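Reproduced below: target.txt, with compact mmCIF, C-alpha atoms.
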```txt
# COMPACT_ATOMS: atom_id res chain seq x y z
CA MET E 1 -75.71 156.42 242.53
CA SER E 2 -77.63 154.40 245.09
CA ALA E 3 -77.19 150.68 245.65
CA ALA E 4 -78.84 148.55 243.01
CA GLN E 5 -82.38 147.43 243.74
CA ARG E 6 -82.94 143.73 243.43
CA VAL E 7 -84.81 143.09 240.19
CA ALA E 8 -83.84 139.47 239.50
CA GLU E 9 -86.34 137.02 238.10
CA GLU E 10 -86.01 133.32 238.79
CA GLY E 11 -84.58 131.51 235.78
CA ARG E 12 -84.16 134.62 233.62
CA VAL E 13 -80.82 135.94 232.40
CA GLY E 14 -79.97 139.32 233.91
CA VAL E 15 -78.25 142.18 232.09
CA VAL E 16 -75.91 144.82 233.54
CA VAL E 17 -75.00 147.99 231.65
CA VAL E 18 -71.54 149.24 232.67
CA SER E 19 -70.51 152.72 231.55
CA HIS E 20 -68.02 155.39 232.64
CA SER E 21 -71.03 157.61 233.19
CA GLY E 22 -73.89 157.00 235.61
CA PRO E 23 -76.46 158.81 233.42
CA VAL E 24 -75.33 156.85 230.32
CA ALA E 25 -75.67 153.50 232.11
CA GLU E 26 -79.09 154.42 233.50
CA ALA E 27 -80.36 155.73 230.18
CA VAL E 28 -79.15 152.70 228.22
CA ALA E 29 -80.75 150.36 230.76
CA GLU E 30 -83.97 152.37 230.54
CA LEU E 31 -83.87 152.34 226.74
CA ALA E 32 -83.35 148.58 226.61
CA ARG E 33 -86.15 148.01 229.11
CA GLY E 34 -88.44 150.29 227.13
CA LEU E 35 -87.75 148.65 223.79
CA ALA E 36 -88.25 145.20 225.27
CA GLY E 37 -91.91 146.09 225.65
CA LEU E 38 -94.33 144.71 228.19
CA THR E 39 -92.30 141.59 228.92
CA THR E 40 -88.88 142.68 229.93
CA ALA E 41 -85.91 141.11 231.67
CA PRO E 42 -83.92 142.13 234.74
CA VAL E 43 -81.54 144.94 233.79
CA ALA E 44 -79.48 147.19 236.05
CA PRO E 45 -77.07 150.05 235.42
CA ALA E 46 -73.58 150.28 236.92
CA GLY E 47 -72.27 153.62 235.76
CA GLY E 48 -69.61 155.98 237.00
CA THR E 49 -67.91 155.92 240.37
CA ARG E 50 -69.67 155.71 243.70
CA ASP E 51 -69.26 159.45 244.22
CA SER E 52 -71.00 160.09 240.87
CA GLY E 53 -67.79 160.85 238.98
CA LEU E 54 -66.75 159.46 235.61
CA GLY E 55 -65.09 156.07 235.78
CA THR E 56 -65.87 152.51 236.78
CA SER E 57 -66.70 151.16 240.22
CA ALA E 58 -66.03 147.47 240.75
CA ASP E 59 -68.37 147.54 243.73
CA LEU E 60 -71.25 149.00 241.72
CA VAL E 61 -70.70 146.34 239.04
CA VAL E 62 -70.81 143.55 241.61
CA GLU E 63 -73.94 145.02 243.26
CA ALA E 64 -75.74 145.37 239.93
CA ALA E 65 -74.81 141.82 238.87
CA ARG E 66 -76.15 140.42 242.13
CA ALA E 67 -79.29 142.51 241.77
CA VAL E 68 -80.20 140.96 238.39
CA ASP E 69 -78.99 137.42 239.08
CA GLY E 70 -81.91 135.02 238.95
CA GLY E 71 -79.76 131.90 238.64
CA ALA E 72 -79.71 131.75 234.84
CA GLY E 73 -76.59 133.85 234.34
CA VAL E 74 -75.71 137.51 233.99
CA ALA E 75 -74.57 139.31 230.82
CA LEU E 76 -72.31 142.32 231.36
CA LEU E 77 -72.36 144.98 228.62
CA VAL E 78 -69.56 147.54 228.91
CA ASP E 79 -68.43 150.69 227.14
CA LEU E 80 -64.64 151.12 227.09
CA GLY E 81 -61.33 151.46 228.89
CA SER E 82 -61.62 151.01 232.64
CA ALA E 83 -65.11 149.51 232.30
CA VAL E 84 -63.70 146.64 230.22
CA LEU E 85 -60.63 146.23 232.43
CA THR E 86 -62.58 146.37 235.70
CA VAL E 87 -65.02 143.71 234.55
CA LYS E 88 -62.21 141.48 233.29
CA ALA E 89 -60.31 141.88 236.56
CA LEU E 90 -63.47 140.97 238.51
CA LEU E 91 -64.09 137.91 236.33
CA ALA E 92 -60.51 136.78 236.96
CA GLU E 93 -61.21 136.88 240.67
CA GLU E 94 -63.85 134.13 240.59
CA ASP E 95 -65.50 134.89 243.90
CA GLU E 96 -67.40 138.15 243.73
CA LEU E 97 -69.63 138.06 240.71
CA PRO E 98 -72.54 135.59 240.57
CA ALA E 99 -71.76 132.21 239.03
CA ASN E 100 -72.20 132.22 235.27
CA THR E 101 -71.51 135.92 234.77
CA ARG E 102 -70.08 136.78 231.38
CA LEU E 103 -68.54 139.82 229.69
CA VAL E 104 -70.37 140.13 226.38
CA ASP E 105 -68.41 141.50 223.43
CA ALA E 106 -70.90 143.96 221.94
CA PRO E 107 -71.56 147.65 221.31
CA LEU E 108 -73.11 149.10 224.46
CA VAL E 109 -76.44 150.52 223.31
CA GLU E 110 -77.35 148.09 220.53
CA GLY E 111 -75.96 145.16 222.49
CA ALA E 112 -77.91 146.04 225.62
CA VAL E 113 -81.17 146.30 223.68
CA ALA E 114 -80.56 142.96 221.95
CA ALA E 115 -79.57 141.31 225.22
CA VAL E 116 -82.60 142.50 227.17
CA VAL E 117 -85.07 141.70 224.40
CA THR E 118 -83.58 138.22 224.03
CA ALA E 119 -83.42 137.61 227.78
CA ALA E 120 -87.07 138.61 228.04
CA THR E 121 -87.99 135.66 225.83
CA GLY E 122 -86.52 133.32 228.44
CA ALA E 123 -83.45 132.52 226.31
CA ASP E 124 -80.33 131.18 227.98
CA LEU E 125 -77.08 133.09 228.49
CA ASP E 126 -75.48 131.75 225.30
CA ALA E 127 -78.40 133.02 223.24
CA VAL E 128 -78.46 136.38 225.03
CA ALA E 129 -74.72 136.84 224.48
CA ALA E 130 -74.98 135.80 220.82
CA ALA E 131 -77.81 138.28 220.20
CA ALA E 132 -75.79 141.10 221.74
CA GLU E 133 -72.66 140.18 219.79
CA GLU E 134 -74.64 140.12 216.54
CA ALA E 135 -75.26 143.83 217.06
CA TYR E 136 -71.74 144.43 215.70
CA GLY E 137 -73.07 143.29 212.34
CA TYR E 138 -75.84 145.86 212.02
CA ARG E 139 -74.33 148.25 209.47
CA LYS E 140 -75.83 151.73 209.43
CA VAL E 141 -74.52 152.92 206.07
CA MET L 1 -53.26 159.91 253.89
CA SER L 2 -49.74 160.78 255.00
CA GLY L 3 -50.85 160.06 258.57
CA THR L 4 -51.87 156.53 257.62
CA ALA L 5 -48.68 156.00 255.69
CA SER L 6 -46.37 157.19 258.45
CA ALA L 7 -48.29 155.12 261.00
CA SER L 8 -47.55 152.06 258.88
CA ASN L 9 -43.94 153.08 258.53
CA SER L 10 -43.30 153.38 262.21
CA ASP L 11 -45.20 150.26 263.23
CA PRO L 12 -45.63 147.78 260.38
CA VAL L 13 -46.53 144.77 262.49
CA PRO L 14 -47.97 145.14 265.97
CA ALA L 15 -46.74 141.75 267.17
CA ARG L 16 -43.11 142.70 266.60
CA ALA L 17 -41.72 145.40 268.86
CA HIS L 18 -38.77 146.22 266.62
CA PRO L 19 -39.65 145.38 263.04
CA ASP L 20 -36.19 146.24 261.76
CA ALA L 21 -34.24 144.60 264.55
CA GLY L 22 -34.41 140.95 263.58
CA SER L 23 -35.76 140.26 260.16
CA GLY L 24 -38.05 142.85 258.68
CA GLY L 25 -36.75 142.42 255.17
CA SER L 26 -33.08 142.53 254.42
CA PRO L 27 -32.79 140.91 250.99
CA ASP L 28 -30.46 138.09 252.02
CA GLU L 29 -32.72 136.92 254.86
CA GLY L 30 -35.90 136.99 252.84
CA LEU L 31 -38.67 139.54 252.68
CA ASP L 32 -41.54 139.23 255.15
CA ALA L 33 -45.00 140.78 255.42
CA ALA L 34 -43.58 143.76 257.31
CA PHE L 35 -41.35 144.57 254.35
CA PHE L 36 -44.32 144.62 251.97
CA LEU L 37 -46.38 146.69 254.40
CA ARG L 38 -43.56 149.22 254.48
CA TRP L 39 -43.32 149.18 250.70
CA LEU L 40 -47.01 149.88 250.15
CA ALA L 41 -47.04 152.58 252.82
CA ALA L 42 -44.10 154.17 251.02
CA VAL L 43 -45.93 153.87 247.69
CA ALA L 44 -48.96 155.61 249.21
CA ALA L 45 -46.73 158.43 250.45
CA ALA L 46 -44.89 158.70 247.12
CA VAL L 47 -48.10 158.69 245.08
CA GLY L 48 -49.45 161.40 247.36
CA ARG L 49 -46.31 163.47 246.80
CA GLU L 50 -46.24 162.88 243.05
CA ALA L 51 -49.99 163.00 242.35
CA ASP L 52 -49.87 166.44 240.74
CA ARG L 53 -46.97 165.47 238.48
CA LEU L 54 -48.72 162.25 237.39
CA THR L 55 -51.95 164.12 236.73
CA ALA L 56 -50.07 166.73 234.70
CA LEU L 57 -48.54 163.96 232.56
CA ASP L 58 -52.01 162.52 232.12
CA ALA L 59 -53.41 165.92 231.18
CA ALA L 60 -51.10 165.96 228.14
CA ILE L 61 -52.32 162.71 226.57
CA GLY L 62 -55.08 161.39 228.83
CA ASP L 63 -57.96 162.56 230.97
CA ALA L 64 -55.99 164.24 233.77
CA ASP L 65 -56.96 161.91 236.58
CA HIS L 66 -54.06 159.47 236.93
CA GLY L 67 -52.49 161.09 240.00
CA SER L 68 -55.74 161.65 241.85
CA ASN L 69 -56.98 158.15 240.98
CA LEU L 70 -53.82 156.50 242.26
CA ARG L 71 -53.78 158.67 245.37
CA ARG L 72 -57.34 157.57 246.17
CA GLY L 73 -56.44 153.93 245.48
CA PHE L 74 -53.24 153.73 247.50
CA THR L 75 -54.79 155.68 250.36
CA ALA L 76 -57.47 152.98 250.51
CA VAL L 77 -54.73 150.34 250.34
CA ALA L 78 -52.88 151.90 253.28
CA THR L 79 -56.08 152.08 255.31
CA ALA L 80 -57.04 148.47 254.56
CA LEU L 81 -53.56 147.16 255.34
CA ASP L 82 -53.49 149.13 258.59
CA ALA L 83 -56.78 147.56 259.61
CA ASP L 84 -56.03 143.98 258.48
CA ARG L 85 -52.25 143.63 258.73
CA PRO L 86 -52.02 140.40 256.72
CA GLY L 87 -49.31 138.04 257.92
CA THR L 88 -47.70 136.94 254.67
CA PRO L 89 -46.24 138.82 251.69
CA GLY L 90 -48.77 137.16 249.40
CA ALA L 91 -51.73 138.20 251.53
CA VAL L 92 -50.46 141.80 251.79
CA LEU L 93 -50.20 142.10 248.00
CA ALA L 94 -53.51 140.34 247.32
CA LEU L 95 -55.41 142.63 249.68
CA ALA L 96 -53.71 145.70 248.22
CA GLY L 97 -54.62 144.57 244.70
CA ARG L 98 -58.25 144.02 245.61
CA GLN L 99 -58.44 147.49 247.13
CA LEU L 100 -57.04 149.09 243.98
CA ILE L 101 -59.55 147.32 241.76
CA SER L 102 -62.46 148.57 243.84
CA THR L 103 -61.38 152.11 244.64
CA VAL L 104 -59.40 153.67 241.78
CA GLY L 105 -62.20 154.19 239.25
CA GLY L 106 -59.90 154.45 236.23
CA ALA L 107 -58.08 151.86 234.15
CA SER L 108 -55.06 152.01 236.46
CA GLY L 109 -57.17 150.36 239.19
CA PRO L 110 -57.74 146.99 237.55
CA LEU L 111 -54.27 147.11 235.99
CA TYR L 112 -52.29 147.81 239.17
CA GLY L 113 -54.78 145.72 241.13
CA THR L 114 -54.13 142.75 238.86
CA LEU L 115 -50.37 143.32 239.12
CA LEU L 116 -50.35 143.18 242.92
CA ARG L 117 -52.97 140.49 243.29
CA ARG L 118 -51.37 138.12 240.80
CA THR L 119 -47.93 138.74 242.27
CA GLY L 120 -49.37 138.00 245.71
CA LYS L 121 -51.00 134.79 244.52
CA GLU L 122 -47.71 133.66 243.00
CA LEU L 123 -46.00 134.12 246.36
CA GLY L 124 -48.55 131.81 247.99
CA ASP L 125 -48.52 131.32 251.76
CA ALA L 126 -44.77 131.73 252.31
CA ARG L 127 -43.95 133.86 255.33
CA ARG L 128 -40.68 134.96 253.73
CA VAL L 129 -39.73 135.23 250.11
CA SER L 130 -36.36 135.70 248.45
CA VAL L 131 -35.64 138.51 246.02
CA ALA L 132 -35.50 135.95 243.22
CA GLU L 133 -38.95 134.64 244.21
CA LEU L 134 -40.32 138.17 244.28
CA GLY L 135 -38.79 138.82 240.87
CA ALA L 136 -40.42 135.70 239.42
CA ALA L 137 -43.78 136.53 241.03
CA LEU L 138 -43.64 140.10 239.72
CA ARG L 139 -42.96 138.81 236.23
CA ALA L 140 -46.10 136.68 236.48
CA GLY L 141 -47.97 139.75 237.73
CA VAL L 142 -46.70 141.82 234.82
CA ALA L 143 -47.71 139.08 232.38
CA ALA L 144 -51.24 139.19 233.84
CA VAL L 145 -51.33 142.96 233.31
CA ALA L 146 -50.24 142.50 229.69
CA GLN L 147 -52.97 139.92 229.17
CA LEU L 148 -55.65 142.06 230.83
CA GLY L 149 -54.81 145.12 228.77
CA GLY L 150 -54.00 143.23 225.58
CA SER L 151 -50.76 145.20 225.45
CA ALA L 152 -47.11 144.51 224.74
CA ALA L 153 -43.79 146.24 225.31
CA GLY L 154 -43.48 149.39 223.21
CA ASP L 155 -47.18 150.31 223.30
CA LYS L 156 -46.37 153.30 225.54
CA THR L 157 -47.99 151.85 228.65
CA MET L 158 -47.04 150.92 232.19
CA LEU L 159 -45.60 147.70 230.77
CA ASP L 160 -42.67 149.68 229.37
CA ALA L 161 -41.50 150.28 232.96
CA LEU L 162 -42.90 147.16 234.63
CA MET L 163 -41.34 144.65 232.26
CA PRO L 164 -37.72 145.86 232.51
CA GLY L 165 -38.14 146.44 236.27
CA ALA L 166 -39.46 142.96 236.99
CA ASP L 167 -36.95 141.37 234.62
CA ALA L 168 -34.05 143.16 236.30
CA LEU L 169 -35.24 142.08 239.74
CA GLY L 170 -35.67 138.49 238.61
CA ALA L 171 -32.32 138.35 236.84
CA SER L 172 -30.28 140.06 239.52
CA ASP L 173 -27.67 138.38 241.59
CA ALA L 174 -28.75 138.70 245.23
CA ALA L 175 -25.20 139.68 246.19
CA GLY L 176 -25.43 142.83 244.07
CA ASP L 177 -28.10 145.49 244.31
CA PRO L 178 -31.17 143.88 242.74
CA PHE L 179 -33.59 146.58 243.88
CA GLY L 180 -31.34 149.35 242.61
CA ALA L 181 -31.01 147.56 239.28
CA ALA L 182 -34.78 147.12 239.04
CA ARG L 183 -35.34 150.78 239.87
CA ALA L 184 -32.84 151.91 237.21
CA ALA L 185 -34.35 149.61 234.59
CA ALA L 186 -37.92 150.76 235.32
CA GLU L 187 -36.94 154.43 235.27
CA GLU L 188 -35.09 153.98 231.99
CA GLY L 189 -38.12 152.20 230.54
CA ALA L 190 -40.41 155.02 231.66
CA ARG L 191 -38.11 157.67 230.16
CA ALA L 192 -38.06 155.80 226.86
CA THR L 193 -41.85 156.07 226.52
CA GLU L 194 -41.44 159.74 225.58
CA ALA L 195 -40.41 158.75 222.06
CA LEU L 196 -43.16 156.16 221.64
CA ARG L 197 -46.54 156.44 220.03
CA ALA L 198 -49.44 155.30 222.23
CA ARG L 199 -51.21 152.16 220.99
CA LYS L 200 -53.54 151.52 223.93
CA GLY L 201 -56.16 153.39 225.88
CA ARG L 202 -57.35 156.94 225.48
CA ALA L 203 -53.90 158.24 224.52
CA SER L 204 -53.97 156.04 221.40
CA TYR L 205 -56.68 158.29 219.91
CA LEU L 206 -54.00 160.98 219.70
CA GLY L 207 -51.83 158.91 217.36
CA GLU L 208 -48.59 160.73 216.49
CA ARG L 209 -49.50 163.57 218.85
CA SER L 210 -48.85 161.23 221.77
CA VAL L 211 -45.15 161.20 220.82
CA GLY L 212 -43.02 163.55 222.92
CA HIS L 213 -44.89 162.94 226.16
CA LEU L 214 -43.92 160.57 228.94
CA ASP L 215 -46.47 157.86 229.57
CA ARG L 216 -48.07 158.43 232.98
CA GLY L 217 -48.64 154.74 233.67
CA ALA L 218 -44.98 153.99 233.01
CA SER L 219 -44.06 156.93 235.24
CA SER L 220 -46.15 155.66 238.17
CA SER L 221 -44.80 152.14 237.59
CA ALA L 222 -41.25 153.50 237.88
CA LEU L 223 -42.35 155.03 241.18
CA LEU L 224 -43.29 151.56 242.47
CA PHE L 225 -39.76 150.31 241.81
CA ALA L 226 -38.17 153.48 243.21
CA THR L 227 -40.03 153.07 246.52
CA LEU L 228 -39.18 149.35 246.55
CA ALA L 229 -35.49 150.25 246.31
CA GLU L 230 -35.84 152.85 249.07
CA VAL L 231 -37.61 150.43 251.42
CA ALA L 232 -35.04 147.69 250.72
CA ARG L 233 -32.11 149.99 251.51
```
Is it possible to give me this structure as structure tokens?
Amino acid sequence: MSAAQRVAEEGRVGVVVVSHSGPVAEAVAELARGLAGLTTAPVAPAGGTRDSGLGTSADLVVEAARAVDGGAGVALLVDLGSAVLTVKALLAEEDELPANTRLVDAPLVEGAVAAVVTAATGADLDAVAAAAEEAYGYRKV
Amino acid sequence: MSGTASASNSDPVPARAHPDAGSGGSPDEGLDAAFFLRWLAAVAAAVGREADRLTALDAAIGDADHGSNLRRGFTAVATALDADRPGTPGAVLALAGRQLISTVGGASGPLYGTLLRRTGKELGDARRVSVAELGAALRAGVAAVAQLGGSAAGDKTMLDALMPGADALGASDAAGDPFGAARAAAEEGARATEALRARKGRASYLGERSVGHLDRGASSSALLFATLAEVAR
């Protein structure tokens, strides 16, 4: 996966989709961007390892977070296992991720869509995180 | 990999012509940066040797990448330490931890990375640390791992080797063999994971079927204490 392109917008919350799989992260980011409609928000994938294997790359996560950081905060959506642990370890470090970066407790796909749609309205990080977390409540049966 | 590791072994600190002659790390004089450089070089060599065994353990209840992930991580650690040669024990461990977090790719990266980084931070800027100080710092590192993973003793994880190992090192009388005691405790903890049911990570999806297999994280953690005992000898 190539280095993240800078897509940040001044004053808008950015969203990063972290998955064990590069294609999953890219597709979920694309889906969220697509469902947000004409007005979207900065979203970047950070999937797999740098050599395109399955796993989590701390460096790709940091690059993606910087790429979407427009000064209003960054919401990190993650899938499982090493993705969760890598993001938590990075947050504990306090010097690599942009200021006001947060791990959002949400299901990956539904949470990413909710986060991007909410961020696109210009909402702050608290509101973006809350919208993503609410996705746990959408029962399907 | 083995080239990097043996280079570190033979010449841990360029400024000192004979690293073992004066201080270097005998437990009663305090452990210096050279001691920790030797330890991590030995870990890199041991992980390289044992990678296939660790991966085979992981194949039974995980995703068969533990050995190769750790080999990649500790190779990067050896390379970074060779290039930087930090001057204090704390800085050696902090740099090693950061390397593991960024290069491993699996859950063992942030877990071992947090262990070494937190242990290093606990040691602060001291140029030499006692075995008791290392034991206390390791216990703080292990606590950080437990917090990160949301795990406890008995969950069939690396904690089942790390906790008894760090406790034994911290509790040991410096006049005895603290590193040998820590090694024995960690190895016993790792062996005991065979009877446990996994409660964390991918292996937990297997439920009762995880019983009867050694935990690979506990096995690699025991390797850390085994190399520590070898380097301290």
Item to check | Residue neighbourhood Val104 of chain E, 10 Å, only C-alpha atoms, exclusion window fewer than 5 positions, as a PyMOL selection string | outcome: chain E and resi 15+74-78+111-112+115+125-126+128-133
Report as JSON lines the residues of chain L within 6 Å of chain E, each with its shortest atom pair and distance in Å (one decimal), using all atoms listed in the file, ordered by chain and increasing residue number.
```
{"residue": "L:Ser102", "atom": "CA", "partner": "E:Ala58", "partner_atom": "CA", "distance": 4.8}
{"residue": "L:Gly105", "atom": "CA", "partner": "E:Thr56", "partner_atom": "CA", "distance": 4.7}
{"residue": "L:Gly106", "atom": "CA", "partner": "E:Ser82", "partner_atom": "CA", "distance": 5.3}
{"residue": "L:Ala107", "atom": "CA", "partner": "E:Ser82", "partner_atom": "CA", "distance": 3.9}
{"residue": "L:Pro110", "atom": "CA", "partner": "E:Thr86", "partner_atom": "CA", "distance": 5.2}
```
Protein/DNA/RNA residues near (-36.5, 148.9, 246.1), cut 12 Å, only C-alpha atoms, as a CSV table (one decimal) with C-alpha atoms, keeping the file's coordinate frame:
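File produced: point-v3.csv:
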```csv
chain,number,residue,atom,x,y,z
L,25,GLY,CA,-36.8,142.4,255.2
L,26,SER,CA,-33.1,142.5,254.4
L,27,PRO,CA,-32.8,140.9,251.0
L,31,LEU,CA,-38.7,139.5,252.7
L,35,PHE,CA,-41.4,144.6,254.4
L,36,PHE,CA,-44.3,144.6,252.0
L,38,ARG,CA,-43.6,149.2,254.5
L,39,TRP,CA,-43.3,149.2,250.7
L,40,LEU,CA,-47.0,149.9,250.2
L,42,ALA,CA,-44.1,154.2,251.0
L,43,VAL,CA,-45.9,153.9,247.7
L,131,VAL,CA,-35.6,138.5,246.0
L,134,LEU,CA,-40.3,138.2,244.3
L,135,GLY,CA,-38.8,138.8,240.9
L,165,GLY,CA,-38.1,146.4,236.3
L,166,ALA,CA,-39.5,143.0,237.0
L,168,ALA,CA,-34.0,143.2,236.3
L,169,LEU,CA,-35.2,142.1,239.7
L,177,ASP,CA,-28.1,145.5,244.3
L,178,PRO,CA,-31.2,143.9,242.7
L,179,PHE,CA,-33.6,146.6,243.9
L,180,GLY,CA,-31.3,149.4,242.6
L,181,ALA,CA,-31.0,147.6,239.3
L,182,ALA,CA,-34.8,147.1,239.0
L,183,ARG,CA,-35.3,150.8,239.9
L,184,ALA,CA,-32.8,151.9,237.2
L,185,ALA,CA,-34.4,149.6,234.6
L,186,ALA,CA,-37.9,150.8,235.3
L,222,ALA,CA,-41.2,153.5,237.9
L,223,LEU,CA,-42.4,155.0,241.2
L,224,LEU,CA,-43.3,151.6,242.5
L,225,PHE,CA,-39.8,150.3,241.8
L,226,ALA,CA,-38.2,153.5,243.2
L,227,THR,CA,-40.0,153.1,246.5
L,228,LEU,CA,-39.2,149.4,246.6
L,229,ALA,CA,-35.5,150.2,246.3
L,230,GLU,CA,-35.8,152.8,249.1
L,231,VAL,CA,-37.6,150.4,251.4
L,232,ALA,CA,-35.0,147.7,250.7
L,233,ARG,CA,-32.1,150.0,251.5
```
Checklist entry - atom CA of Thr79 of chain L and atom CA of Ala137 of chain L, how far apart in Å? => result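 Taking atom CA of Ala137 of chain L as the start and atom CA of Thr79 of chain L as the end point, the length is 24.4 Å.
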Checklist entry - Between E:Val13, E:Val24, E:Leu103, E:Ala135, which has the minimum distance to Ser52 of chain E (counting all atoms listed in the file)? => result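 Of the candidates, the smallest distance to Ser52 of chain E is held by E:Val24.
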Checklist entry - How far is it from atom CA of Val77 of chain L to atom CA of Ala41 of chain L, in Å with one decimal? => result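 Between these atoms lies a distance of 8.4 Å.
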Item to check | Atomic distance atom CA of Asp82 of chain L - atom CA of Ala44 of chain L, expressed in Å with one decimal | outcome: 12.3 Å
8 Å contact set for segment 149-161 of chain L, only C-alpha atoms, chain neighbours under 5 positions out, as a PDB file with C-alpha atoms, in the coordinates of the input:
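To be explicit, this is the file written out as selection31.pdb:
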```
ATOM      1  CA  LEU E  85     -60.630 146.230 232.430  1.00  0.00           C
TER       2      LEU E  85
ATOM      3  CA  LEU L 111     -54.270 147.110 235.990  1.00  0.00           C
ATOM      4  CA  VAL L 142     -46.700 141.820 234.820  1.00  0.00           C
ATOM      5  CA  ALA L 185     -34.350 149.610 234.590  1.00  0.00           C
ATOM      6  CA  ALA L 186     -37.920 150.760 235.320  1.00  0.00           C
ATOM      7  CA  GLU L 187     -36.940 154.430 235.270  1.00  0.00           C
ATOM      8  CA  GLU L 188     -35.090 153.980 231.990  1.00  0.00           C
ATOM      9  CA  GLY L 189     -38.120 152.200 230.540  1.00  0.00           C
ATOM     10  CA  ALA L 190     -40.410 155.020 231.660  1.00  0.00           C
ATOM     11  CA  THR L 193     -41.850 156.070 226.520  1.00  0.00           C
ATOM     12  CA  LEU L 196     -43.160 156.160 221.640  1.00  0.00           C
ATOM     13  CA  ARG L 197     -46.540 156.440 220.030  1.00  0.00           C
ATOM     14  CA  ALA L 198     -49.440 155.300 222.230  1.00  0.00           C
ATOM     15  CA  ARG L 199     -51.210 152.160 220.990  1.00  0.00           C
ATOM     16  CA  LYS L 200     -53.540 151.520 223.930  1.00  0.00           C
ATOM     17  CA  ASP L 215     -46.470 157.860 229.570  1.00  0.00           C
ATOM     18  CA  ARG L 216     -48.070 158.430 232.980  1.00  0.00           C
ATOM     19  CA  GLY L 217     -48.640 154.740 233.670  1.00  0.00           C
ATOM     20  CA  ALA L 218     -44.980 153.990 233.010  1.00  0.00           C
ATOM     21  CA  SER L 219     -44.060 156.930 235.240  1.00  0.00           C
ATOM     22  CA  SER L 220     -46.150 155.660 238.170  1.00  0.00           C
ATOM     23  CA  SER L 221     -44.800 152.140 237.590  1.00  0.00           C
ATOM     24  CA  ALA L 222     -41.250 153.500 237.880  1.00  0.00           C
TER      25      ALA L 222
END
```
With a distance cut-off of 12 Å and all atoms listed in the file, select the neighbouring residues of Gly122 of chain E, excluding the residue or stretch itself and same-chain residues fewer than 3 positions from it, and output the selection as an mmCIF file with C-alpha atoms, keeping the file's coordinate frame.
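File produced: part_34.cif:
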```cif
data_model
loop_
_atom_site.group_PDB
_atom_site.id
_atom_site.type_symbol
_atom_site.label_atom_id
_atom_site.label_comp_id
_atom_site.auth_asym_id
_atom_site.auth_seq_id
_atom_site.Cartn_x
_atom_site.Cartn_y
_atom_site.Cartn_z
ATOM 1 C CA GLU E 9 -86.340 137.020 238.100
ATOM 2 C CA GLU E 10 -86.010 133.320 238.790
ATOM 3 C CA GLY E 11 -84.580 131.510 235.780
ATOM 4 C CA ARG E 12 -84.160 134.620 233.620
ATOM 5 C CA VAL E 13 -80.820 135.940 232.400
ATOM 6 C CA GLY E 14 -79.970 139.320 233.910
ATOM 7 C CA THR E 39 -92.300 141.590 228.920
ATOM 8 C CA THR E 40 -88.880 142.680 229.930
ATOM 9 C CA ALA E 41 -85.910 141.110 231.670
ATOM 10 C CA PRO E 42 -83.920 142.130 234.740
ATOM 11 C CA GLY E 70 -81.910 135.020 238.950
ATOM 12 C CA ALA E 72 -79.710 131.750 234.840
ATOM 13 C CA GLY E 73 -76.590 133.850 234.340
ATOM 14 C CA ALA E 115 -79.570 141.310 225.220
ATOM 15 C CA VAL E 116 -82.600 142.500 227.170
ATOM 16 C CA VAL E 117 -85.070 141.700 224.400
ATOM 17 C CA THR E 118 -83.580 138.220 224.030
ATOM 18 C CA ALA E 119 -83.420 137.610 227.780
ATOM 19 C CA LEU E 125 -77.080 133.090 228.490
ATOM 20 C CA ASP E 126 -75.480 131.750 225.300
ATOM 21 C CA ALA E 127 -78.400 133.020 223.240
ATOM 22 C CA VAL E 128 -78.460 136.380 225.030
#
```
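Residues surrounding Arg127 of chain L within 8 Å are L:Asp32, L:Ala33, L:Gly87, L:Thr88, L:Pro89, L:Asp125, L:Val129 [all atoms listed in the file; sequence separation below 2 positions excluded].
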Item to check | Contacts of Ala64 of chain L within 6 Å, all atoms listed in the file, excl. fewer than 3 positions in-chain, as a ChimeraX atom specification | outcome: /L:55,58-59
File contents for segment 222-227 of chain L with N, CA, C and O atoms as an mmCIF file, in the first residue's frame:
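Now in result-v3.cif:
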```cif
data_model
loop_
_atom_site.group_PDB
_atom_site.id
_atom_site.type_symbol
_atom_site.label_atom_id
_atom_site.label_comp_id
_atom_site.auth_asym_id
_atom_site.auth_seq_id
_atom_site.Cartn_x
_atom_site.Cartn_y
_atom_site.Cartn_z
ATOM 1 N N ALA L 222 8.881 -16.854 27.692
ATOM 2 C CA ALA L 222 9.853 -17.652 28.436
ATOM 3 C C ALA L 222 11.229 -17.548 27.788
ATOM 4 O O ALA L 222 12.258 -17.531 28.477
ATOM 5 N N LEU L 223 11.234 -17.420 26.465
ATOM 6 C CA LEU L 223 12.494 -17.262 25.739
ATOM 7 C C LEU L 223 13.202 -15.955 26.139
ATOM 8 O O LEU L 223 14.434 -15.901 26.232
ATOM 9 N N LEU L 224 12.441 -14.912 26.372
ATOM 10 C CA LEU L 224 13.034 -13.634 26.815
ATOM 11 C C LEU L 224 13.785 -13.821 28.128
ATOM 12 O O LEU L 224 14.892 -13.314 28.300
ATOM 13 N N PHE L 225 13.163 -14.540 29.059
ATOM 14 C CA PHE L 225 13.812 -14.748 30.365
ATOM 15 C C PHE L 225 14.976 -15.731 30.256
ATOM 16 O O PHE L 225 15.968 -15.603 30.968
ATOM 17 N N ALA L 226 14.859 -16.718 29.364
ATOM 18 C CA ALA L 226 15.958 -17.667 29.179
ATOM 19 C C ALA L 226 17.190 -16.942 28.634
ATOM 20 O O ALA L 226 18.313 -17.157 29.113
ATOM 21 N N THR L 227 17.005 -16.053 27.663
ATOM 22 C CA THR L 227 18.165 -15.327 27.113
ATOM 23 C C THR L 227 18.704 -14.343 28.140
ATOM 24 O O THR L 227 19.919 -14.124 28.220
#
```
